[in-house]
>>> print(open('input_6.cif').read())   # mmCIF, C-alpha atoms (C1' of nucleotides)
data_upload
#
loop_
_atom_site.label_atom_id
_atom_site.label_comp_id
_atom_site.auth_asym_id
_atom_site.auth_seq_id
_atom_site.Cartn_x
_atom_site.Cartn_y
_atom_site.Cartn_z
CA MET Q 21 0.00 0.00 0.00
CA PRO Q 22 2.30 2.73 -1.26
CA ASP Q 23 0.24 5.85 -1.87
CA GLN Q 24 -2.59 5.79 0.61
CA THR Q 25 -3.63 9.33 -0.22
CA GLN Q 26 -4.11 8.48 -3.88
CA ASN Q 27 -5.92 5.22 -3.11
CA ALA Q 28 -8.27 6.93 -0.70
CA PHE Q 29 -9.13 9.76 -3.09
CA ARG Q 30 -9.61 7.30 -5.90
CA ALA Q 31 -11.90 5.17 -3.77
CA LEU Q 32 -14.07 8.16 -2.94
CA ALA Q 33 -14.33 9.28 -6.56
CA ASP Q 34 -17.12 6.82 -7.34
CA PRO Q 35 -20.67 7.61 -6.14
CA THR Q 36 -21.46 3.95 -5.54
CA ARG Q 37 -18.46 3.62 -3.26
CA ARG Q 38 -19.46 6.75 -1.34
CA ASP Q 39 -22.93 5.26 -0.92
CA ILE Q 40 -21.35 2.06 0.35
CA MET Q 41 -19.44 4.09 2.91
CA ARG Q 42 -22.69 5.59 4.17
CA LEU Q 43 -24.29 2.16 4.25
CA LEU Q 44 -21.46 0.68 6.28
CA SER Q 45 -21.49 3.64 8.64
CA ALA Q 46 -24.72 2.26 10.05
CA ASN Q 47 -23.82 -1.43 10.11
CA ALA Q 48 -21.00 -3.74 9.13
CA LEU Q 49 -22.30 -5.89 6.30
CA THR Q 50 -21.39 -8.91 4.20
CA ILE Q 51 -20.81 -8.56 0.48
CA ALA Q 52 -24.22 -10.04 -0.29
CA GLU Q 53 -25.93 -7.65 2.12
CA VAL Q 54 -24.21 -4.66 0.54
CA SER Q 55 -25.12 -5.94 -2.94
CA ALA Q 56 -28.79 -6.05 -1.98
CA HIS Q 57 -28.79 -2.26 -1.82
CA PHE Q 58 -27.54 -1.72 -5.35
CA ASP Q 59 -28.76 -2.48 -8.83
CA MET Q 60 -25.67 -4.33 -9.91
CA THR Q 61 -24.17 -7.78 -9.60
CA ARG Q 62 -22.46 -9.02 -6.47
CA ALA Q 63 -19.20 -9.25 -8.38
CA ALA Q 64 -19.37 -5.55 -9.22
CA VAL Q 65 -20.04 -4.64 -5.60
CA LYS Q 66 -17.16 -6.85 -4.56
CA LYS Q 67 -14.88 -4.87 -6.86
CA HIS Q 68 -15.98 -1.63 -5.25
CA LEU Q 69 -15.33 -3.12 -1.82
CA THR Q 70 -11.85 -4.12 -2.95
CA VAL Q 71 -11.14 -0.56 -4.07
CA LEU Q 72 -12.42 0.77 -0.75
CA ASN Q 73 -10.22 -1.73 1.05
CA ASP Q 74 -7.20 -0.70 -1.01
CA GLY Q 75 -7.93 2.87 -0.01
CA GLY Q 76 -7.90 1.87 3.64
CA LEU Q 77 -11.48 3.07 4.04
CA ILE Q 78 -12.89 -0.27 5.12
CA THR Q 79 -11.59 -3.40 6.80
CA VAL Q 80 -12.69 -6.93 5.99
CA GLU Q 81 -13.08 -9.64 8.58
CA ALA Q 82 -13.69 -13.27 7.72
CA ARG Q 83 -16.43 -14.99 9.69
CA GLY Q 84 -17.03 -18.50 8.47
CA ARG Q 85 -17.80 -18.33 4.79
CA GLU Q 86 -18.84 -14.71 5.05
CA ARG Q 87 -16.77 -11.54 4.82
CA ILE Q 88 -17.83 -8.73 7.09
CA ASN Q 89 -17.05 -5.32 5.63
CA GLN Q 90 -16.74 -2.54 8.12
CA ILE Q 91 -15.79 1.11 7.95
CA ASN Q 92 -12.35 2.31 8.99
CA PRO Q 93 -12.79 5.99 9.81
CA LEU Q 94 -9.05 6.45 10.15
CA GLY Q 95 -8.79 5.74 6.46
CA LEU Q 96 -10.18 9.21 5.87
CA ALA Q 97 -7.14 10.72 7.58
CA PRO Q 98 -5.04 11.14 4.40
CA VAL Q 99 -7.97 12.85 2.73
CA LEU Q 100 -8.61 15.22 5.59
CA SER Q 101 -4.89 15.80 5.87
CA TRP Q 102 -4.71 16.88 2.27
CA LEU Q 103 -7.67 19.20 2.69
CA GLU Q 104 -6.12 20.56 5.87
CA PHE Q 105 -3.33 21.97 3.72
CA PHE Q 106 -5.68 24.61 2.39
CA ASP Q 107 -6.74 25.71 5.86
CA HIS Q 108 -3.40 27.41 6.32
CA PHE Q 109 -4.02 29.52 3.24
CA TRP Q 110 -7.54 30.62 3.93
CA ASP Q 111 -8.18 30.57 7.63
CA ASP Q 112 -10.67 33.36 7.17
CA ARG Q 113 -12.45 31.79 4.25
CA LEU Q 114 -12.57 28.53 6.16
CA ALA Q 115 -15.01 30.11 8.56
CA ASP Q 116 -17.34 30.90 5.68
CA LEU Q 117 -16.80 27.39 4.46
CA LYS Q 118 -17.80 25.84 7.76
CA THR Q 119 -21.00 27.86 7.87
CA ALA Q 120 -21.68 27.03 4.25
CA ILE Q 121 -21.50 23.38 5.15
CA GLU Q 122 -24.31 23.74 7.63
CA LYS Q 123 -26.84 24.62 4.96
CA ASP Q 124 -25.43 22.21 2.40
CA ILE Q 125 -27.71 19.58 0.99
CA GLN Q 126 -26.50 15.97 0.53
CA MET J 24 -23.63 21.53 -13.17
CA PRO J 25 -25.99 19.08 -11.51
CA ASP J 26 -23.93 16.98 -9.11
CA GLN J 27 -21.27 19.21 -7.66
CA THR J 28 -20.29 16.66 -5.04
CA GLN J 29 -19.51 14.07 -7.68
CA ASN J 30 -17.64 16.53 -9.89
CA ALA J 31 -15.54 17.75 -6.98
CA PHE J 32 -14.62 14.27 -5.80
CA ARG J 33 -13.83 13.23 -9.34
CA ALA J 34 -11.62 16.27 -9.84
CA LEU J 35 -9.63 15.43 -6.72
CA ALA J 36 -9.15 11.81 -7.72
CA ASP J 37 -6.19 12.58 -9.98
CA PRO J 38 -2.79 13.31 -8.40
CA THR J 39 -1.88 15.84 -11.09
CA ARG J 40 -5.04 17.79 -10.38
CA ARG J 41 -4.34 17.76 -6.65
CA ASP J 42 -0.85 19.07 -7.40
CA ILE J 43 -2.38 21.80 -9.53
CA MET J 44 -4.58 22.76 -6.59
CA ARG J 45 -1.50 23.15 -4.42
CA LEU J 46 0.22 25.14 -7.13
CA LEU J 47 -2.68 27.53 -7.50
CA SER J 48 -2.96 27.92 -3.75
CA ALA J 49 0.21 29.99 -3.91
CA ASN J 50 -0.54 31.99 -7.03
CA ALA J 51 -3.16 32.29 -9.74
CA LEU J 52 -1.55 31.12 -12.97
CA THR J 53 -2.18 30.95 -16.70
CA ILE J 54 -2.48 27.61 -18.45
CA ALA J 55 1.04 27.91 -19.83
CA GLU J 56 2.44 28.71 -16.38
CA VAL J 57 0.73 25.69 -14.86
CA SER J 58 1.96 23.51 -17.72
CA ALA J 59 5.56 24.53 -17.03
CA HIS J 60 5.38 22.62 -13.74
CA PHE J 61 4.39 19.30 -15.29
CA ASP J 62 5.90 16.85 -17.69
CA MET J 63 2.99 16.81 -20.08
CA THR J 64 1.60 18.89 -22.92
CA ARG J 65 -0.29 22.11 -22.39
CA ALA J 66 -3.39 20.49 -23.85
CA ALA J 67 -3.30 17.78 -21.19
CA VAL J 68 -2.95 20.37 -18.44
CA LYS J 69 -5.81 22.32 -19.97
CA LYS J 70 -8.00 19.21 -19.70
CA HIS J 71 -7.15 18.87 -16.02
CA LEU J 72 -8.00 22.52 -15.49
CA THR J 73 -11.35 21.95 -17.20
CA VAL J 74 -12.11 19.07 -14.86
CA LEU J 75 -11.14 21.21 -11.88
CA ASN J 76 -13.39 23.97 -13.19
CA ASP J 77 -16.28 21.54 -13.65
CA GLY J 78 -15.76 20.49 -10.05
CA GLY J 79 -16.03 24.10 -8.95
CA LEU J 80 -12.55 23.94 -7.45
CA ILE J 81 -11.09 26.72 -9.58
CA THR J 82 -12.38 29.75 -11.44
CA VAL J 83 -11.07 31.03 -14.76
CA GLU J 84 -10.77 34.68 -15.60
CA ALA J 85 -9.93 35.97 -19.07
CA ARG J 86 -7.26 38.66 -19.22
CA GLY J 87 -6.37 39.58 -22.76
CA ARG J 88 -5.37 36.43 -24.54
CA GLU J 89 -4.53 34.71 -21.27
CA ARG J 90 -6.71 32.73 -18.93
CA ILE J 91 -5.96 33.15 -15.26
CA ASN J 92 -6.78 30.05 -13.25
CA GLN J 93 -7.39 30.62 -9.59
CA ILE J 94 -8.48 28.48 -6.69
CA ASN J 95 -12.02 28.56 -5.38
CA PRO J 96 -11.79 27.28 -1.82
CA LEU J 97 -15.58 27.17 -1.52
CA GLY J 98 -15.52 24.42 -4.12
CA LEU J 99 -14.24 22.13 -1.41
CA ALA J 100 -17.46 22.62 0.56
CA PRO J 101 -19.33 19.65 -0.95
CA VAL J 102 -16.34 17.43 -0.19
CA LEU J 103 -16.02 18.58 3.39
CA SER J 104 -19.77 18.36 3.75
CA TRP J 105 -19.74 14.73 2.71
CA LEU J 106 -16.91 13.96 5.10
CA GLU J 107 -18.74 15.83 7.82
CA PHE J 108 -21.44 13.16 7.64
CA PHE J 109 -19.11 10.72 9.33
CA ASP J 110 -18.38 13.07 12.18
CA HIS J 111 -21.82 12.43 13.59
CA PHE J 112 -21.08 8.73 13.77
CA TRP J 113 -17.67 8.86 15.32
CA ASP J 114 -17.30 12.02 17.29
CA ASP J 115 -14.91 10.25 19.60
CA ARG J 116 -12.84 8.70 16.83
CA LEU J 117 -12.72 12.05 15.12
CA ALA J 118 -10.57 13.33 17.91
CA ASP J 119 -8.05 10.58 17.22
CA LEU J 120 -8.34 11.43 13.57
CA LYS J 121 -7.49 15.07 14.11
CA THR J 122 -4.41 14.17 16.12
CA ALA J 123 -3.45 11.58 13.52
CA ILE J 124 -3.54 14.30 10.91
CA GLU J 125 -0.90 16.28 12.72
CA LYS J 126 1.74 13.62 12.19
CA ASP J 127 0.60 12.69 8.70
CA ILE J 128 3.08 12.84 5.87
CA GLN J 129 2.24 14.44 2.49
"C1'" DG G 5 -21.19 -37.49 2.23
"C1'" DC G 6 -23.73 -34.16 -0.26
"C1'" DA G 7 -26.23 -30.16 -1.64
"C1'" DA G 8 -26.70 -25.29 -1.06
"C1'" DC G 9 -24.59 -21.00 -0.05
"C1'" DG G 10 -21.18 -17.04 0.21
"C1'" DT G 11 -17.29 -15.81 -1.63
"C1'" DG G 12 -12.69 -15.29 -4.62
"C1'" DA G 13 -10.98 -15.01 -8.97
"C1'" DT G 14 -10.65 -14.91 -13.84
"C1'" DA G 15 -11.85 -13.61 -18.49
"C1'" DC G 16 -14.25 -10.57 -21.24
"C1'" DT G 17 -16.86 -6.22 -23.00
"C1'" DT G 18 -17.89 -1.40 -22.81
"C1'" DT G 19 -17.08 3.10 -21.22
"C1'" DT G 20 -14.32 6.58 -19.28
"C1'" DT G 21 -10.10 8.79 -18.69
"C1'" DG G 22 -5.33 10.64 -19.45
"C1'" DG G 23 -2.62 11.92 -22.96
"C1'" DT G 24 -0.86 13.59 -27.69
"C1'" DA G 25 -1.13 15.90 -32.10
"C1'" DT G 26 -3.06 19.33 -34.73
"C1'" DC G 27 -5.44 23.30 -36.32
"C1'" DA G 28 -8.23 27.49 -35.96
"C1'" DC G 29 -8.90 31.95 -33.64
"C1'" DG G 30 -8.45 36.18 -31.03
"C1'" DA G 31 -4.93 39.16 -28.81
"C1'" DT G 32 -0.44 41.16 -28.90
"C1'" DA G 33 3.50 43.60 -30.67
"C1'" DA G 34 6.55 45.08 -34.27
"C1'" DT K 9 -0.48 44.51 -41.78
"C1'" DT K 10 2.00 40.68 -40.42
"C1'" DA K 11 4.03 37.49 -37.40
"C1'" DT K 12 3.74 35.57 -33.02
"C1'" DC K 13 1.71 34.00 -28.85
"C1'" DG K 14 -1.78 31.92 -25.66
"C1'" DT K 15 -5.58 29.56 -25.94
"C1'" DG K 16 -9.94 26.59 -27.45
"C1'" DA K 17 -11.34 22.72 -29.75
"C1'" DT K 18 -11.29 18.57 -32.20
"C1'" DA K 19 -9.78 14.02 -33.46
"C1'" DC K 20 -7.39 10.28 -32.13
"C1'" DC K 21 -4.84 6.60 -29.20
"C1'" DA K 22 -3.78 3.84 -25.10
"C1'" DA K 23 -4.71 2.58 -20.60
"C1'" DA K 24 -7.68 2.19 -16.78
"C1'" DA K 25 -12.14 1.55 -14.82
"C1'" DA K 26 -16.97 -0.28 -14.36
"C1'" DG K 27 -19.61 -3.96 -15.16
"C1'" DT K 28 -21.15 -8.92 -16.46
"C1'" DA K 29 -20.71 -13.84 -16.77
"C1'" DT K 30 -18.74 -17.79 -15.11
"C1'" DC K 31 -16.34 -21.19 -12.44
"C1'" DA K 32 -13.77 -22.98 -8.52
"C1'" DC K 33 -13.43 -23.38 -3.53
"C1'" DG K 34 -14.30 -23.47 1.37
"C1'" DT K 35 -18.29 -23.41 4.72
"C1'" DT K 36 -22.62 -24.62 6.38
"C1'" DG K 37 -26.38 -27.67 7.33
"C1'" DC K 38 -28.90 -31.80 6.36
#
>>> encode(input="input_6.cif", output="structure tokens")
Amino acid sequence: MPDQTQNAFRALADPTRRDIMRLLSANALTIAEVSAHFDMTRAAVKKHLTVLNDGGLITVEARGRERINQINPLGLAPVLSWLEFFDHFWDDRLADLKTAIEKDIQ
Amino acid sequence: MPDQTQNAFRALADPTRRDIMRLLSANALTIAEVSAHFDMTRAAVKKHLTVLNDGGLITVEARGRERINQINPLGLAPVLSWLEFFDHFWDDRLADLKTAIEKDIQ
DNA sequence: GCAACGTGATACTTTTTGGTATCACGATAA
DNA sequence: TTATCGTGATACCAAAAAGTATCACGTTGC
């Protein structure tokens, strides 16, 4: 796992994978359970889970013949770290940004 | 510009585009000036700038025959907003996350 | 043991993306 | 005007990504 920042950003670039992150934030799920929420094959969902795993955003735990996928919030650290870089440049604008977030939809 | 969240995340998925963001954080630059920092053609850089513009992360201002590309920090709002979602689920872990950021490389 | 189930992995197709090459066009400067 | 410069736009190519279909394998339960 060389470039965790790149893998994490890449993992978050796909809307399906971001939806999976939200799903897993509520409960850890097996691949089949995750697949049930999307209109695509289990194999496709599995691929997305692999990308998320490569990005360090989820961890996978084997339980019998099932694989429990669960969120790893620390995986977001490289992303937040990168964004943090811009805080130093616009501390003032960041305040506006934070308030803008409050009224942001989705 | 329907899905700004998607466009912003997609724009940040490429390492060259993230580097461009850092570049522009110091100074607003023309396309040619940005291109000088990368080992690729001006046309390729222009494409990246278009993607960044679509993502709302930069703004472009015409000045004579030049186009000044400058950062739009508010474009990061949808990204931060999405990440904010996870704060509600792990307020405690977020503290660890913030401290982890401090010692993060790159 | 045996059948059903969840998963891993591979091969394959289609679409998107990153990149180059090229040309046309407005702005600049002599 | 004329030549040059920065850019926009298009066509094109190669590689990566998203998705499907399929099969093999270990686990579960009878």
>>> atom_distance(input="input_6.cif", atom1="atom CA of Arg45 of chain J", atom2="atom CA of Ser101 of chain Q")
13.1 Å
>>> resolve_selection(input="input_6.cif", expression="the PyMOL selection byres ((chain J) within 8 of (chain G))", output="PyMOL selection string")
chain J and resi 63-64+67+87-88
>>> closest_atom_pairs(input="input_6.cif", of="chain J", to="chain Q", cutoff="6 Å", atoms="only C-alpha atoms", output="JSON lines")
{"residue": "J:Phe32", "atom": "CA", "partner": "Q:Ala33", "partner_atom": "CA", "distance": 5.1}
{"residue": "J:Arg33", "atom": "CA", "partner": "Q:Ala33", "partner_atom": "CA", "distance": 4.9}
{"residue": "J:Ala36", "atom": "CA", "partner": "Q:Arg30", "partner_atom": "CA", "distance": 4.9}
{"residue": "J:Ser104", "atom": "CA", "partner": "Q:Ile121", "partner_atom": "CA", "distance": 5.5}
{"residue": "J:Ile124", "atom": "CA", "partner": "Q:Ser101", "partner_atom": "CA", "distance": 5.4}
>>> atom_distance(input="input_6.cif", atom1="atom CA of Glu89 of chain J", atom2="atom CA of Ile43 of chain J")
17.6 Å
>>> closest_atom_pairs(input="input_6.cif", of="chain K", to="chain Q", cutoff="12 Å", atoms="all atoms listed in the file", output="JSON lines")
{"residue": "K:DA25", "atom": "C1'", "partner": "Q:Asp34", "partner_atom": "CA", "distance": 10.4}
{"residue": "K:DA26", "atom": "C1'", "partner": "Q:Ala64", "partner_atom": "CA", "distance": 7.7}
{"residue": "K:DG27", "atom": "C1'", "partner": "Q:Ala64", "partner_atom": "CA", "distance": 6.2}
{"residue": "K:DT28", "atom": "C1'", "partner": "Q:Thr61", "partner_atom": "CA", "distance": 7.6}
{"residue": "K:DA29", "atom": "C1'", "partner": "Q:Ala63", "partner_atom": "CA", "distance": 9.7}
{"residue": "K:DT30", "atom": "C1'", "partner": "Q:Ala63", "partner_atom": "CA", "distance": 10.9}
{"residue": "K:DC33", "atom": "C1'", "partner": "Q:Arg85", "partner_atom": "CA", "distance": 10.7}
{"residue": "K:DG34", "atom": "C1'", "partner": "Q:Arg85", "partner_atom": "CA", "distance": 7.1}
{"residue": "K:DT35", "atom": "C1'", "partner": "Q:Arg85", "partner_atom": "CA", "distance": 5.1}
{"residue": "K:DT36", "atom": "C1'", "partner": "Q:Arg85", "partner_atom": "CA", "distance": 8.1}
